[in-house]
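> First, the structure itself, so that you have it in front of you.
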Amino acid sequence: MTVFSCPQCGAPVSVSPRISFHSCEYCNTTSFIDRSGVMFYYLIPFIIEKDSAEKIFARWLKNPRMAKDLHTNAKIKNFKRTLFPVYLFTRLINGEEKKFTRPARGTLIEGIENLTVPPGSMKIYDNTIDTQNAERIDPDITMEVYLRDLPGTAVSQSLLYFPIYQVEYEFNGETWHAVIDGSSGAVHATMYPVRSSLPFGTVFFIGFMAGLLGILLGIYIHPVFFILILLGIVATRFMARSIIGARASSVEG
């Protein structure tokens with residue numbers, strides 16, 4: 001619920017997010033509330049329980065792109081149930097309502113930017129709501145930061161507390177972070193240890209041989225084969241970058 005002052009008598013009026021007309025219980029004045037300028041508060045309950053989230057994370061550690069011993073040597077330092085603040089904007093675009101989510105708290109975790117809100121999952125956040133013993137994180141970004149860049153016309157905006165598991169784990173002396181969506185089970189991580197597919201020496205040898213082959217074929221057969229030099233350079237850079245310890249990605253659990 002959101003409370004406004006009655007325009008007739010000044011008494012407090014409790015505003016429901018689903019109703020635009022509201023009556024004052026003191027003077028019986030009926031007022032229309034423009035939802036585009038009202039901030040409502042919601043919460044999505046945890047659908048994924050902690051034991052299930054731990055199993056999802058264990059499977060994620062075994063993903064083929066991960067370091068091959070990650071699932072056996074990773075040490076979980078923290079596995080915390082958290083309510084993360086997200087702004088939910090409903091905008092009217094070409095006659096159709098569309099929803100956009102934006103983080104209300106600064107984070108470097110990829111995937112938080114565009115969390116998916118399951119249909120029918122939102123509950124009104126008031127003093128009767130069960131937070132399921134989750135730690136609530138308060139916003140540190142104002143809603144106005146996003147308003148100027150959103151398309152269409154404002155219909156409504158809300159502060160939505162999204163259920164996530166914050167995971168902190170250690171591998172090879174380094175600390176890594178991931179987030180598990182408490183409603184869908186999706187795993188999000190900006191950086192994580194990846195598997196080395198080829199030794200650096202092998203990678204550069206392949207690139208060198210491709211370039212050398214291009215030179216020889218270009219001189220003795222046809223200049224078109226000089227393209228192999230460029231392809232060798234591009235392939236070498238691509239394979240070398242894939243060996244580096246971490247890269248940006250978001251992986252489903």
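Each chain in the structure tokens gets a letter, A, B, ..., in the order shown, and its residues are numbered from 1; ligands are numbered from 1 in order too.
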Pick out the residues sitting within 6 Å of region 69-83 of chain A, and hand them over as a ChimeraX atom specification; count only C-alpha atoms, and ignore anything fewer than 4 positions along from it in its own chain.
/A:61-62,134-136,161-171
> Extract, using only C-alpha atoms, all DNA, RNA and protein residues at most 9 Å from region 85-102 of chain A, discarding same-chain residues fewer than 4 positions from it, and format them as an MDAnalysis selection string.
chainID A and resid 36 112:117 136:139 143 146:147 150:162
> Print the selection's residues with C-alpha atoms to a file, as a CSV table (one decimal), in the first residue's frame.

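Saved result, result13.csv, follows:
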```
chain,number,residue,atom,x,y,z
A,36,SER,CA,2.3,6.7,-13.6
A,112,ILE,CA,20.8,-8.4,-12.8
A,113,GLU,CA,20.1,-5.7,-15.4
A,114,ASN,CA,17.4,-7.8,-17.1
A,115,LEU,CA,15.8,-10.1,-14.6
A,116,THR,CA,12.6,-11.8,-15.7
A,117,VAL,CA,9.5,-11.3,-13.5
A,136,ARG,CA,16.8,-7.2,2.4
A,137,ILE,CA,19.2,-4.9,0.5
A,138,ASP,CA,18.1,-1.3,0.2
A,139,PRO,CA,18.4,0.7,-3.0
A,143,MET,CA,14.4,5.7,-10.0
A,146,TYR,CA,16.4,5.4,-15.6
A,147,LEU,CA,13.4,7.4,-16.6
A,150,LEU,CA,13.0,4.4,-21.1
A,151,PRO,CA,10.9,4.2,-24.3
A,152,GLY,CA,7.2,5.0,-24.5
A,153,THR,CA,4.9,6.6,-22.0
A,154,ALA,CA,4.9,5.8,-18.2
A,155,VAL,CA,2.0,3.6,-17.0
A,156,SER,CA,3.4,2.6,-13.6
A,157,GLN,CA,6.6,2.1,-11.7
A,158,SER,CA,7.4,-0.1,-8.7
A,159,LEU,CA,10.3,-1.1,-6.4
A,160,LEU,CA,10.4,-4.8,-6.6
A,161,TYR,CA,12.4,-7.0,-4.1
A,162,PHE,CA,13.8,-9.9,-6.2
```
> Can you check which residues of region 132-168 of chain A DSSP gives as helix (DSSP H, G or I) on the backbone and send them as a list in words?
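Secondary structure check on region 132-168 of chain A, helix (DSSP H, G or I): Glu144, Val145, Tyr146 and Leu147 of chain A.
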> Mind listing the strand (DSSP E) residues of region 92-144 of chain A, per DSSP on the backbone, as a count of residues only?
14
